[in-house]
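Below: one structure, written as structure tokens.
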Amino acid sequence: MEGTVDGFRYGAVTPVAAYVMACLGGALGLRCIVRTLLNGDAWKPGWLALGAASIGCGIWTMHFIAMIGFQVEETRIGYDVGLTVLSLAVAIVVVGIGVFIVGYRGASKVTLSVAGVITGLGVAAMHYLGMAAMRLNGNIHYDDFTVVLSVLIAIFAATAALWAAVTIRGFLASLGASLVMGVAVSGMHYTGMAAVGVHLHGNPDASWAGDSPHSLLLPMLVGPFIFLVLAGVVVMFDPLLVLGDGEWSHGPRKKAAAMPKPAAARPDPFSEAQDGRVWRRPEPEATPPSRHQW
């Protein structure tokens, strides 16, 4: 017996909230990567790690907020805690690999292609690990073509995000890139969900191991959400990201370089230091006129 799958149990609430979290994580991650490009003296590993964690938490939070609105009408749904946490770790680690590759190797076509494929596969792995964490009275099966399409969308979204991270510098441009990234990530999620089908078991009253969506997902979402808020505070109060490269890090140095250096004082040819005292040489006496001048 096939179950009736509904991905919009609460209407537009969960898709909109999921999209906002994807955009928030993407925006913070892009700004952290831009921070390493604006100032070469910055602690690059720390900012890249913060950017990877922000993007990973944003994608993971988007996925499970959207999953709160997912239901199979004929059975309840639970989640396995271990696989749910593992999906978060996979999202952060694999996104981090792509971010570090681009952060240290640049934005060449080969580098972006490799990093985009790795990151996209990591995003898809996070999605399907989260799906594997579901516990219900039935078996989940997927449409192969739609699954492949969702993976391709994930790779495209990851490549575009990494390209934007190393190419776009301005705040408004980064904001626009994060909005596009949110559309791509959400599109990947709901494309993957369109591939889902559920074959129910014969006994509708069968139990399963796992917690209900609200009792597990809502408390687990609190931690990544707090992390994203703290990351936002760090980004907002960083002077280089607020004021820009030319007005913060290089401004004082440029002004100092533009100021004329004081001219060195010329030594007095008639004075010299001796024993710590300055004395003036006596001017030569005037030569008395010779008698031929009379």
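Identifiers in the structure tokens: chain A, B, ... in order shown; residue index from 1 per chain; ligand index from 1 in order shown.
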Practice task
Select from stretch 13-249 of chain A everything DSSP, run on the backbone, classes as helix (DSSP H, G or I), then give the selection as a ChimeraX atom specification.
Solution key: /A:13-38,44-68,81-105,109-132,144-167,171-194,213-236,239-243,245-248
Problem - Neighbour list for A:Val20 as a list in words, cut-off 8 Å, only C-alpha atoms, skip fewer than 4 positions in-chain - result: Val16, Leu24, Met62 and Gly182 of chain A
Problem - Of the listed residues A:Val110, A:Ile59, A:Leu86, A:Ala115, that which approaches A:Met188 most closely, counting only C-alpha atoms - result: A:Ile59
Practice task
Extract, using only C-alpha atoms, all DNA, RNA and protein residues at most 8 Å from A:Ser87, discarding same-chain residues fewer than 5 positions from it, and format them as JSON, numbers by chain.
Solution key: {"A": [60, 125, 126, 127, 129, 130]}
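A straight line drawn from atom CA of A:Met236 to atom CA of A:Pro224 is 18.1 Å long.
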Exercise for the section: Write out as a ChimeraX atom specification which residues come within 12 Å of A:Val234 when counting only C-alpha atoms, dropping same-chain ones fewer than 3 positions away. Expected result: /A:28-29,31-32,35,47,50-51,54,227-231,237-242
Saved selection, atoms kept: N, CA and C atoms, as an mmCIF file, in the first residue's frame:
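Wrote it out as selection_15.cif, contents follow:
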```cif
data_model
loop_
_atom_site.group_PDB
_atom_site.id
_atom_site.type_symbol
_atom_site.label_atom_id
_atom_site.label_comp_id
_atom_site.auth_asym_id
_atom_site.auth_seq_id
_atom_site.Cartn_x
_atom_site.Cartn_y
_atom_site.Cartn_z
ATOM 1 N N LEU A 28 26.148 34.672 5.742
ATOM 2 C CA LEU A 28 27.225 34.702 6.728
ATOM 3 C C LEU A 28 28.465 33.994 6.203
ATOM 4 N N GLY A 29 28.277 32.846 5.551
ATOM 5 C CA GLY A 29 29.415 32.118 5.011
ATOM 6 C C GLY A 29 30.159 32.915 3.947
ATOM 7 N N ARG A 31 30.272 36.195 3.597
ATOM 8 C CA ARG A 31 30.970 37.335 4.200
ATOM 9 C C ARG A 31 32.235 36.892 4.922
ATOM 10 N N CYS A 32 32.198 35.715 5.536
ATOM 11 C CA CYS A 32 33.408 35.217 6.209
ATOM 12 C C CYS A 32 34.511 34.922 5.196
ATOM 13 N N ARG A 35 36.017 38.078 3.996
ATOM 14 C CA ARG A 35 36.904 38.651 5.014
ATOM 15 C C ARG A 35 38.347 38.201 4.805
ATOM 16 N N TRP A 47 38.511 32.138 9.803
ATOM 17 C CA TRP A 47 37.393 32.720 9.065
ATOM 18 C C TRP A 47 36.792 31.729 8.080
ATOM 19 N N LEU A 50 34.687 29.319 10.086
ATOM 20 C CA LEU A 50 33.428 29.958 10.482
ATOM 21 C C LEU A 50 32.466 30.045 9.304
ATOM 22 N N GLY A 51 33.001 30.354 8.114
ATOM 23 C CA GLY A 51 32.148 30.409 6.930
ATOM 24 C C GLY A 51 31.569 29.052 6.571
ATOM 25 N N SER A 54 28.883 28.128 9.051
ATOM 26 C CA SER A 54 27.664 28.919 8.835
ATOM 27 C C SER A 54 26.856 28.363 7.672
ATOM 28 N N PHE A 227 24.002 29.339 16.959
ATOM 29 C CA PHE A 227 25.316 29.486 16.327
ATOM 30 C C PHE A 227 25.260 30.506 15.189
ATOM 31 N N LEU A 228 24.223 30.441 14.351
ATOM 32 C CA LEU A 228 24.109 31.390 13.247
ATOM 33 C C LEU A 228 23.936 32.820 13.761
ATOM 34 N N VAL A 229 23.205 32.988 14.848
ATOM 35 C CA VAL A 229 23.045 34.326 15.429
ATOM 36 C C VAL A 229 24.393 34.852 15.927
ATOM 37 N N LEU A 230 25.158 34.008 16.625
ATOM 38 C CA LEU A 230 26.470 34.425 17.115
ATOM 39 C C LEU A 230 27.423 34.731 15.964
ATOM 40 N N ALA A 231 27.386 33.905 14.924
ATOM 41 C CA ALA A 231 28.215 34.183 13.754
ATOM 42 C C ALA A 231 27.816 35.508 13.109
ATOM 43 N N PHE A 237 30.011 43.034 13.624
ATOM 44 C CA PHE A 237 30.867 43.907 14.412
ATOM 45 C C PHE A 237 32.336 43.825 13.987
ATOM 46 N N ASP A 238 32.610 43.170 12.875
ATOM 47 C CA ASP A 238 33.970 43.184 12.359
ATOM 48 C C ASP A 238 34.167 44.470 11.561
ATOM 49 N N PRO A 239 35.128 45.332 11.932
ATOM 50 C CA PRO A 239 35.246 46.638 11.272
ATOM 51 C C PRO A 239 35.613 46.542 9.805
ATOM 52 N N LEU A 240 36.369 45.523 9.406
ATOM 53 C CA LEU A 240 36.755 45.418 8.010
ATOM 54 C C LEU A 240 35.562 45.116 7.120
ATOM 55 N N LEU A 241 34.627 44.270 7.598
ATOM 56 C CA LEU A 241 33.444 43.950 6.806
ATOM 57 C C LEU A 241 32.424 45.075 6.835
ATOM 58 N N VAL A 242 32.415 45.866 7.898
ATOM 59 C CA VAL A 242 31.453 46.960 8.005
ATOM 60 C C VAL A 242 31.905 48.171 7.200
#
```
For A:Ala173: contacts at 12 Å, only C-alpha atoms, fewer than 4 positions along chain excluded, given as a PDB file with N, CA and C atoms, in the first residue's frame:
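Output (around-v3.pdb):
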```pdb
ATOM      1  N   ALA A  27      24.610  33.860   3.492  1.00  0.00           N
ATOM      2  CA  ALA A  27      25.124  35.227   3.599  1.00  0.00           C
ATOM      3  C   ALA A  27      26.285  35.307   4.583  1.00  0.00           C
ATOM      4  N   LEU A  30      29.413  33.571   3.054  1.00  0.00           N
ATOM      5  CA  LEU A  30      30.049  34.361   2.008  1.00  0.00           C
ATOM      6  C   LEU A  30      30.822  35.534   2.591  1.00  0.00           C
ATOM      7  N   ARG A  31      30.272  36.195   3.597  1.00  0.00           N
ATOM      8  CA  ARG A  31      30.970  37.335   4.200  1.00  0.00           C
ATOM      9  C   ARG A  31      32.235  36.892   4.922  1.00  0.00           C
ATOM     10  N   VAL A  34      34.793  36.348   2.211  1.00  0.00           N
ATOM     11  CA  VAL A  34      35.233  37.659   1.719  1.00  0.00           C
ATOM     12  C   VAL A  34      36.214  38.301   2.695  1.00  0.00           C
ATOM     13  N   ALA A 164      30.734  32.832  -6.098  1.00  0.00           N
ATOM     14  CA  ALA A 164      30.340  34.120  -5.541  1.00  0.00           C
ATOM     15  C   ALA A 164      31.225  34.509  -4.362  1.00  0.00           C
ATOM     16  N   ALA A 165      31.652  33.517  -3.575  1.00  0.00           N
ATOM     17  CA  ALA A 165      32.445  33.805  -2.384  1.00  0.00           C
ATOM     18  C   ALA A 165      33.787  34.421  -2.735  1.00  0.00           C
ATOM     19  N   VAL A 166      34.394  34.013  -3.842  1.00  0.00           N
ATOM     20  CA  VAL A 166      35.723  34.518  -4.194  1.00  0.00           C
ATOM     21  C   VAL A 166      35.669  35.612  -5.252  1.00  0.00           C
ATOM     22  N   THR A 167      34.495  35.925  -5.762  1.00  0.00           N
ATOM     23  CA  THR A 167      34.378  36.916  -6.834  1.00  0.00           C
ATOM     24  C   THR A 167      33.675  38.179  -6.364  1.00  0.00           C
ATOM     25  N   ILE A 168      32.619  38.027  -5.576  1.00  0.00           N
ATOM     26  CA  ILE A 168      31.792  39.160  -5.164  1.00  0.00           C
ATOM     27  C   ILE A 168      32.305  39.702  -3.842  1.00  0.00           C
ATOM     28  N   ARG A 169      32.567  41.019  -3.787  1.00  0.00           N
ATOM     29  CA  ARG A 169      33.138  41.616  -2.585  1.00  0.00           C
ATOM     30  C   ARG A 169      32.134  42.492  -1.823  1.00  0.00           C
ATOM     31  N   ALA A 177      23.719  37.371  -3.788  1.00  0.00           N
ATOM     32  CA  ALA A 177      24.206  36.015  -4.033  1.00  0.00           C
ATOM     33  C   ALA A 177      23.638  35.031  -3.016  1.00  0.00           C
ATOM     34  N   SER A 178      23.501  35.457  -1.760  1.00  0.00           N
ATOM     35  CA  SER A 178      22.936  34.564  -0.744  1.00  0.00           C
ATOM     36  C   SER A 178      21.462  34.285  -1.013  1.00  0.00           C
ATOM     37  N   LEU A 179      20.721  35.248  -1.553  1.00  0.00           N
ATOM     38  CA  LEU A 179      19.317  35.017  -1.899  1.00  0.00           C
ATOM     39  C   LEU A 179      19.197  33.985  -3.024  1.00  0.00           C
ATOM     40  N   VAL A 180      20.079  34.111  -4.023  1.00  0.00           N
ATOM     41  CA  VAL A 180      20.084  33.123  -5.112  1.00  0.00           C
ATOM     42  C   VAL A 180      20.490  31.751  -4.578  1.00  0.00           C
TER      43      VAL A 180
END
```
Exercise for the section: Quick one: everything within 8 Å of A:Ala124, counting only C-alpha atoms, minus sequence neighbours fewer than 6 positions away in the same chain. Send it as a PyMOL selection string. Expected result: chain A and resi 150-151+154
Fill in the blank from the handout: Here atom CA of A:Met193 and atom CA of A:Gly7 stand apart by 7.5 Å
Exercise for the section: Excluding A:Gly11 and residues on its chain fewer than 5 positions from it, collect all residues at most 12 Å away from it, counting only C-alpha atoms, and give them as JSON, numbers by chain. Expected result: {"A": [6, 16, 17, 66, 68, 69, 70]}
Exercise for the section: Tell me, in Å to one decimal, how far atom CA of A:Ser174 is from atom CA of A:Gly58. Expected result: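 Those two atoms sit 15.7 Å apart.
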Handout entry: Nearest-residue call for A:Gly78, choices A:Ala107, A:Ala132, A:Val90, A:Leu112, using only C-alpha atoms
Key =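 Smallest separation from A:Gly78 among the options: A:Ala132.
Of the listed residues A:Ile97, A:Met21, A:Met67, A:Leu37, the one whose atoms come nearest to A:Gly170 is A:Leu37, with distances taken using only C-alpha atoms.
Considering only C-alpha atoms, the residue among A:Leu162, A:Val5, A:Ile140, A:Ala133 positioned nearest to A:Gln71 is A:Val5.
Here the question is which of A:Ile33, A:Met134, A:Ile226, A:Leu172 gets nearest to A:Gly82 using only C-alpha atoms, and that residue is A:Met134.
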